[in-house]
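Undergrad: File my_file23.pdb below, PDB, C-alpha atoms, pLDDT in the B column:
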MODEL        1
ATOM      1  CA  MET A  10     127.241-102.858-302.631  1.00 47.00           C
ATOM      2  CA  GLN A  11     126.189 -99.933-300.574  1.00 49.00           C
ATOM      3  CA  ASP A  12     125.772-102.226-297.605  1.00 51.00           C
ATOM      4  CA  ILE A  13     129.372-103.273-297.908  1.00 52.00           C
ATOM      5  CA  GLY A  14     130.463 -99.649-298.064  1.00 49.00           C
ATOM      6  CA  ARG A  15     128.433 -98.803-295.019  1.00 50.00           C
ATOM      7  CA  ASN A  16     129.823-101.787-293.139  1.00 50.00           C
ATOM      8  CA  SER A  17     133.377-100.851-294.046  1.00 50.00           C
ATOM      9  CA  ASN A  18     132.721 -97.288-292.827  1.00 52.00           C
ATOM     10  CA  LYS A  19     131.289 -98.661-289.595  1.00 51.00           C
ATOM     11  CA  ASP A  20     134.279-100.972-289.243  1.00 53.00           C
ATOM     12  CA  SER A  21     136.723 -98.139-289.820  1.00 52.00           C
ATOM     13  CA  ASN A  22     134.856 -95.959-287.305  1.00 53.00           C
ATOM     14  CA  MET A  23     134.931 -98.817-284.776  1.00 50.00           C
ATOM     15  CA  ASP A  24     138.644 -99.319-285.425  1.00 54.00           C
ATOM     16  CA  ASN A  25     139.267 -95.607-284.864  1.00 55.00           C
ATOM     17  CA  ASP A  26     137.233 -95.701-281.635  1.00 54.00           C
ATOM     18  CA  MET A  27     139.099 -98.769-280.444  1.00 50.00           C
ATOM     19  CA  ASN A  28     142.454 -97.164-281.257  1.00 53.00           C
ATOM     20  CA  ASN A  29     141.449 -94.004-279.393  1.00 53.00           C
ATOM     21  CA  ASN A  30     140.267 -96.060-276.409  1.00 51.00           C
ATOM     22  CA  ALA A  31     143.464 -98.098-276.495  1.00 47.00           C
ATOM     23  CA  ASN A  32     145.572 -94.918-276.571  1.00 49.00           C
ATOM     24  CA  ASN A  33     143.565 -93.476-273.705  1.00 51.00           C
ATOM     25  CA  ASN A  34     143.954 -96.726-271.738  1.00 48.00           C
ATOM     26  CA  VAL A  35     147.691 -96.763-272.379  1.00 46.00           C
ATOM     27  CA  ASN A  36     147.963 -93.210-271.071  1.00 49.00           C
ATOM     28  CA  GLU A  37     145.779 -93.992-268.043  1.00 48.00           C
ATOM     29  CA  GLN A  38     147.236 -97.411-267.269  1.00 53.00           C
ATOM     30  CA  PRO A  39     150.507 -96.305-265.591  1.00 56.00           C
ATOM     31  CA  LEU A  40     148.572 -94.112-263.188  1.00 61.00           C
ATOM     32  CA  SER A  41     146.225 -96.914-262.278  1.00 83.00           C
ATOM     33  CA  ASP A  42     149.184 -99.317-261.962  1.00 84.00           C
ATOM     34  CA  ASP A  43     150.909 -96.909-259.581  1.00 84.00           C
ATOM     35  CA  LYS A  44     147.743 -96.613-257.544  1.00 87.00           C
ATOM     36  CA  ARG A  45     147.276-100.372-257.533  1.00 87.00           C
ATOM     37  CA  LEU A  46     150.877-100.928-256.469  1.00 85.00           C
ATOM     38  CA  LEU A  47     150.529 -98.332-253.724  1.00 85.00           C
ATOM     39  CA  GLU A  48     147.308 -99.964-252.506  1.00 87.00           C
ATOM     40  CA  MET A  49     148.947-103.395-252.576  1.00 86.00           C
ATOM     41  CA  TYR A  50     151.938-102.082-250.633  1.00 84.00           C
ATOM     42  CA  ASP A  51     149.657-100.478-248.041  1.00 86.00           C
ATOM     43  CA  LYS A  52     147.749-103.747-247.667  1.00 88.00           C
ATOM     44  CA  LEU A  53     151.037-105.630-247.298  1.00 86.00           C
ATOM     45  CA  VAL A  54     152.261-103.245-244.596  1.00 85.00           C
ATOM     46  CA  GLY A  55     148.916-103.500-242.808  1.00 88.00           C
ATOM     47  CA  TYR A  56     149.080-107.285-242.995  1.00 89.00           C
ATOM     48  CA  GLU A  57     152.610-107.273-241.570  1.00 88.00           C
ATOM     49  CA  LYS A  58     151.566-105.038-238.678  1.00 88.00           C
ATOM     50  CA  THR A  59     148.583-107.273-237.926  1.00 90.00           C
ATOM     51  CA  ILE A  60     150.760-110.396-237.928  1.00 91.00           C
ATOM     52  CA  HIS A  61     153.341-108.654-235.715  1.00 89.00           C
ATOM     53  CA  GLU A  62     150.645-107.697-233.189  1.00 90.00           C
ATOM     54  CA  GLN A  63     149.296-111.254-233.219  1.00 92.00           C
ATOM     55  CA  ASN A  64     152.819-112.573-232.628  1.00 91.00           C
ATOM     56  CA  GLN A  65     153.171-110.267-229.627  1.00 90.00           C
ATOM     57  CA  LYS A  66     149.971-111.738-228.194  1.00 92.00           C
ATOM     58  CA  ARG A  67     151.217-115.268-228.901  1.00 93.00           C
ATOM     59  CA  ILE A  68     154.473-114.570-227.080  1.00 92.00           C
ATOM     60  CA  LYS A  69     152.623-113.184-224.054  1.00 92.00           C
ATOM     61  CA  ILE A  70     150.394-116.258-223.954  1.00 93.00           C
ATOM     62  CA  GLY A  71     153.432-118.515-224.328  1.00 92.00           C
ATOM     63  CA  LEU A  72     155.203-116.786-221.448  1.00 91.00           C
ATOM     64  CA  ARG A  73     152.149-117.269-219.248  1.00 92.00           C
ATOM     65  CA  CYS A  74     151.989-120.926-220.266  1.00 92.00           C
ATOM     66  CA  ILE A  75     155.644-121.422-219.375  1.00 91.00           C
ATOM     67  CA  TYR A  76     154.730-120.471-215.791  1.00 89.00           C
ATOM     68  CA  ILE A  77     151.394-122.239-215.460  1.00 93.00           C
ATOM     69  CA  ILE A  78     151.721-125.599-217.239  1.00 91.00           C
ATOM     70  CA  PRO A  79     155.081-126.732-215.786  1.00 89.00           C
ATOM     71  CA  LEU A  80     153.949-125.508-212.349  1.00 89.00           C
ATOM     72  CA  PHE A  81     150.862-127.708-212.674  1.00 90.00           C
ATOM     73  CA  PHE A  82     152.992-130.771-213.477  1.00 87.00           C
ATOM     74  CA  LEU A  83     155.415-129.908-210.678  1.00 86.00           C
ATOM     75  CA  VAL A  84     152.576-129.748-208.149  1.00 87.00           C
ATOM     76  CA  LEU A  85     151.240-133.071-209.409  1.00 86.00           C
ATOM     77  CA  LEU A  86     154.745-134.492-209.084  1.00 84.00           C
ATOM     78  CA  MET A  87     154.779-133.576-205.409  1.00 86.00           C
ATOM     79  CA  ILE A  88     151.246-134.841-204.686  1.00 86.00           C
ATOM     80  CA  VAL A  89     151.086-138.212-206.471  1.00 85.00           C
ATOM     81  CA  PRO A  90     152.413-141.495-205.035  1.00 82.00           C
ATOM     82  CA  ASP A  91     155.932-142.679-205.822  1.00 81.00           C
ATOM     83  CA  SER A  92     154.942-144.928-208.709  1.00 79.00           C
ATOM     84  CA  SER A  93     153.622-142.036-210.881  1.00 81.00           C
ATOM     85  CA  LYS A  94     156.318-139.464-210.138  1.00 85.00           C
ATOM     86  CA  ILE A  95     158.424-140.415-213.165  1.00 87.00           C
ATOM     87  CA  ILE A  96     155.512-139.783-215.526  1.00 87.00           C
ATOM     88  CA  PHE A  97     154.872-136.291-214.163  1.00 84.00           C
ATOM     89  CA  LEU A  98     158.592-135.490-214.128  1.00 87.00           C
ATOM     90  CA  VAL A  99     158.790-136.392-217.820  1.00 89.00           C
ATOM     91  CA  LEU A 100     155.648-134.363-218.559  1.00 89.00           C
ATOM     92  CA  TRP A 101     157.128-131.394-216.681  1.00 89.00           C
ATOM     93  CA  ILE A 102     160.343-131.510-218.743  1.00 92.00           C
ATOM     94  CA  VAL A 103     158.535-132.086-222.050  1.00 93.00           C
ATOM     95  CA  SER A 104     156.171-129.172-221.381  1.00 92.00           C
ATOM     96  CA  LEU A 105     159.103-126.834-220.744  1.00 92.00           C
ATOM     97  CA  PHE A 106     160.793-127.850-223.991  1.00 95.00           C
ATOM     98  CA  ALA A 107     157.561-127.716-226.020  1.00 94.00           C
ATOM     99  CA  ILE A 108     156.696-124.207-224.854  1.00 94.00           C
ATOM    100  CA  ALA A 109     160.276-123.027-225.434  1.00 94.00           C
ATOM    101  CA  VAL A 110     160.213-124.388-229.002  1.00 95.00           C
ATOM    102  CA  TYR A 111     156.870-122.642-229.578  1.00 95.00           C
ATOM    103  CA  LEU A 112     158.237-119.305-228.346  1.00 94.00           C
ATOM    104  CA  ILE A 113     161.385-119.618-230.451  1.00 95.00           C
ATOM    105  CA  GLY A 114     159.292-120.484-233.518  1.00 95.00           C
ATOM    106  CA  VAL A 115     156.994-117.480-233.134  1.00 94.00           C
ATOM    107  CA  GLU A 116     159.958-115.133-232.672  1.00 92.00           C
ATOM    108  CA  TYR A 117     161.740-116.611-235.714  1.00 94.00           C
ATOM    109  CA  VAL A 118     158.677-116.267-237.958  1.00 92.00           C
ATOM    110  CA  ASP A 119     158.198-112.663-236.843  1.00 90.00           C
ATOM    111  CA  TYR A 120     161.886-111.883-237.423  1.00 90.00           C
ATOM    112  CA  LYS A 121     161.792-113.296-240.959  1.00 90.00           C
ATOM    113  CA  LEU A 122     158.563-111.406-241.704  1.00 88.00           C
ATOM    114  CA  GLN A 123     160.090-108.101-240.616  1.00 86.00           C
ATOM    115  CA  GLU A 124     163.260-108.874-242.555  1.00 87.00           C
ATOM    116  CA  LYS A 125     161.225-109.456-245.743  1.00 85.00           C
ATOM    117  CA  MET A 126     159.253-106.248-245.171  1.00 84.00           C
ATOM    118  CA  ASN A 127     162.498-104.291-244.867  1.00 83.00           C
ATOM    119  CA  GLU A 128     163.722-105.918-248.074  1.00 83.00           C
ATOM    120  CA  ILE A 129     160.488-105.057-249.918  1.00 80.00           C
ATOM    121  CA  SER A 130     160.451-101.468-248.702  1.00 77.00           C
ATOM    122  CA  GLY A 131     164.145-101.077-249.519  1.00 75.00           C
ATOM    123  CA  CYS A 132     164.968 -99.738-246.078  1.00 70.00           C
ATOM    124  CA  ASP A 133     168.269-101.161-244.878  1.00 60.00           C
ATOM    125  CA  VAL A 134     168.414 -98.538-242.135  1.00 48.00           C
ATOM    126  CA  GLN A 135     165.297 -99.843-240.438  1.00 54.00           C
ATOM    127  CA  SER A 136     166.225-102.556-237.990  1.00 61.00           C
ATOM    128  CA  VAL A 137     164.122-105.548-237.081  1.00 59.00           C
ATOM    129  CA  SER A 138     162.428-105.024-233.737  1.00 60.00           C
ATOM    130  CA  PRO A 139     161.895-107.919-231.353  1.00 60.00           C
ATOM    131  CA  VAL A 140     158.397-109.184-230.644  1.00 59.00           C
ATOM    132  CA  VAL A 141     158.642-108.503-226.926  1.00 59.00           C
ATOM    133  CA  GLN A 142     160.048-105.127-225.963  1.00 59.00           C
ATOM    134  CA  ILE A 143     162.297-106.002-223.020  1.00 62.00           C
ATOM    135  CA  GLU A 144     163.773-102.512-222.681  1.00 65.00           C
ATOM    136  CA  ASP A 145     160.412-101.006-221.750  1.00 68.00           C
ATOM    137  CA  ARG A 146     159.789-103.653-219.119  1.00 68.00           C
ATOM    138  CA  VAL A 147     163.298-103.286-217.694  1.00 70.00           C
ATOM    139  CA  GLN A 148     162.834 -99.515-217.535  1.00 75.00           C
ATOM    140  CA  GLU A 149     159.572 -99.922-215.594  1.00 77.00           C
ATOM    141  CA  ILE A 150     161.205-102.305-213.114  1.00 76.00           C
ATOM    142  CA  ALA A 151     164.203-100.003-212.683  1.00 75.00           C
ATOM    143  CA  GLU A 152     161.910 -97.062-211.904  1.00 81.00           C
ATOM    144  CA  ARG A 153     159.986 -99.087-209.307  1.00 81.00           C
ATOM    145  CA  VAL A 154     163.223-100.231-207.654  1.00 79.00           C
ATOM    146  CA  GLU A 155     164.485 -96.639-207.506  1.00 83.00           C
ATOM    147  CA  GLN A 156     161.214 -95.493-205.921  1.00 84.00           C
ATOM    148  CA  ARG A 157     161.392 -98.209-203.280  1.00 81.00           C
ATOM    149  CA  PHE A 158     165.044 -97.455-202.635  1.00 78.00           C
ATOM    150  CA  ASP A 159     164.260 -93.754-202.172  1.00 82.00           C
ATOM    151  CA  THR A 160     161.400 -94.661-199.825  1.00 83.00           C
ATOM    152  CA  MET A 161     163.710 -96.910-197.797  1.00 80.00           C
ATOM    153  CA  GLN A 162     166.360 -94.189-197.578  1.00 78.00           C
ATOM    154  CA  GLN A 163     163.810 -91.664-196.391  1.00 80.00           C
ATOM    155  CA  SER A 164     162.451 -94.035-193.754  1.00 77.00           C
ATOM    156  CA  THR A 165     165.955 -94.928-192.493  1.00 73.00           C
ATOM    157  CA  GLY A 166     166.865 -91.231-192.434  1.00 69.00           C
ATOM    158  CA  GLU A 167     163.807 -90.509-190.271  1.00 66.00           C
ATOM    159  CA  ASP A 168     164.683 -93.397-187.943  1.00 62.00           C
ATOM    160  CA  ALA A 169     168.229 -92.103-187.548  1.00 61.00           C
ATOM    161  CA  GLU A 170     166.987 -88.631-186.611  1.00 64.00           C
ATOM    162  CA  GLN A 171     164.786 -90.015-183.839  1.00 59.00           C
TER
ENDMDL
END
As C-alpha cells, please, write out the structure in this file.

TA:
Amino acid sequence: MQDIGRNSNKDSNMDNDMNNNANNNVNEQPLSDDKRLLEMYDKLVGYEKTIHEQNQKRIKIGLRCIYIIPLFFLVLLMIVPDSSKIIFLVLWIVSLFAIAVYLIGVEYVDYKLQEKMNEISGCDVQSVSPVVQIEDRVQEIAERVEQRFDTMQQSTGEDAEQ
C-alpha cells in the first residue's frame, strides 16, 4: 500500500512539474515564434535578393547571346553556298525568337517574385524594380555624349580663333 502512495505522490509531483513546464513553454513560445518568424522572413528576403541578382546575371548573358548567336548564323548565311542559305536563315530567325522568349520569361519571373515579396511585406508603396536598370546606363551614355560634345565645341572654337 505504501508503494501505491509513493507512486501517487511521484505521479502528482510529475504532473505538477509537467504543468509548470507547460506553463513556462506557453509563456516562452510566443517569443520563440516571433523570433522564428523574423528569421524566416529574413531568409525569405535574402532568398529573393539572391534570385534577383541571379536574374540580373541571366539578363546580361541573354543580351550578350542576342548579339553573338544570331550574328554567327548571319555570317554563316553569307558564307555558305546557295543551297544551305535557307537553313541558316531559319536558324537565325529562330535564335532571335528563342532568346527573346528567354529574356521575357526571366523578366516576368523576377517581376512576379518582387510582386509577391511586396505583398508579403505589406509594402504597397514599394514599387517593383526592373531587372536591368536602364536609367543608369542611359545616364552614363548621356554624360559621355556631353563630354564629347564639349570637346568638339572646344576644338572647333580653337580652330575658329586660328

Undergrad: If the PyMOL selection byres ((chain A and resi 126) around 12) is run on the structure shown, which residues does it catch, given as number ranges by chain?

TA: A: 50-51, 53-58, 60-61, 119-125, 127-133, 135-138

Undergrad: In Å, with one decimal, what is the gap from atom CA of A:Gln63 to atom CA of A:Ile150?

TA: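 So the two atoms, atom CA of A:Gln63 and atom CA of A:Ile150, lie 25.0 Å apart.
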
Undergrad: Would you kindly return, as a PyMOL selection string, each protein, DNA or RNA residue with an atom no farther than 12 Å from any atom of A:Lys66, considering all atoms listed in the file and excluding same-chain residues fewer than 4 positions away?

TA: chain A and resi 59-62+70-73+112+115-116+119+140-141

Undergrad: For this file, the PyMOL selection byres ((chain A and resi 104-107) around 12) selects which residues, as a list in words?

TA: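 This file, filtered by the PyMOL selection byres ((chain A and resi 104-107) around 12), leaves Gly71, Leu72, Arg73, Cys74, Ile75, Tyr76, Ile77, Ile78, Pro79, Leu80, Phe81, Phe82, Leu83, Phe97, Leu98, Val99, Leu100, Trp101, Ile102, Val103, Ile108, Ala109, Val110, Tyr111, Leu112, Ile113 and Gly114 of chain A.
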
Undergrad: Between atom CA of A:Tyr117 and atom CA of A:Ile68, what distance in Å does the model show, to one decimal?

TA: 11.5 Å

Undergrad: Could you jot down the atom CA of A:Asn64 to atom CA of A:Val118 separation for me, Å, one decimal place?

TA: 8.7 Å
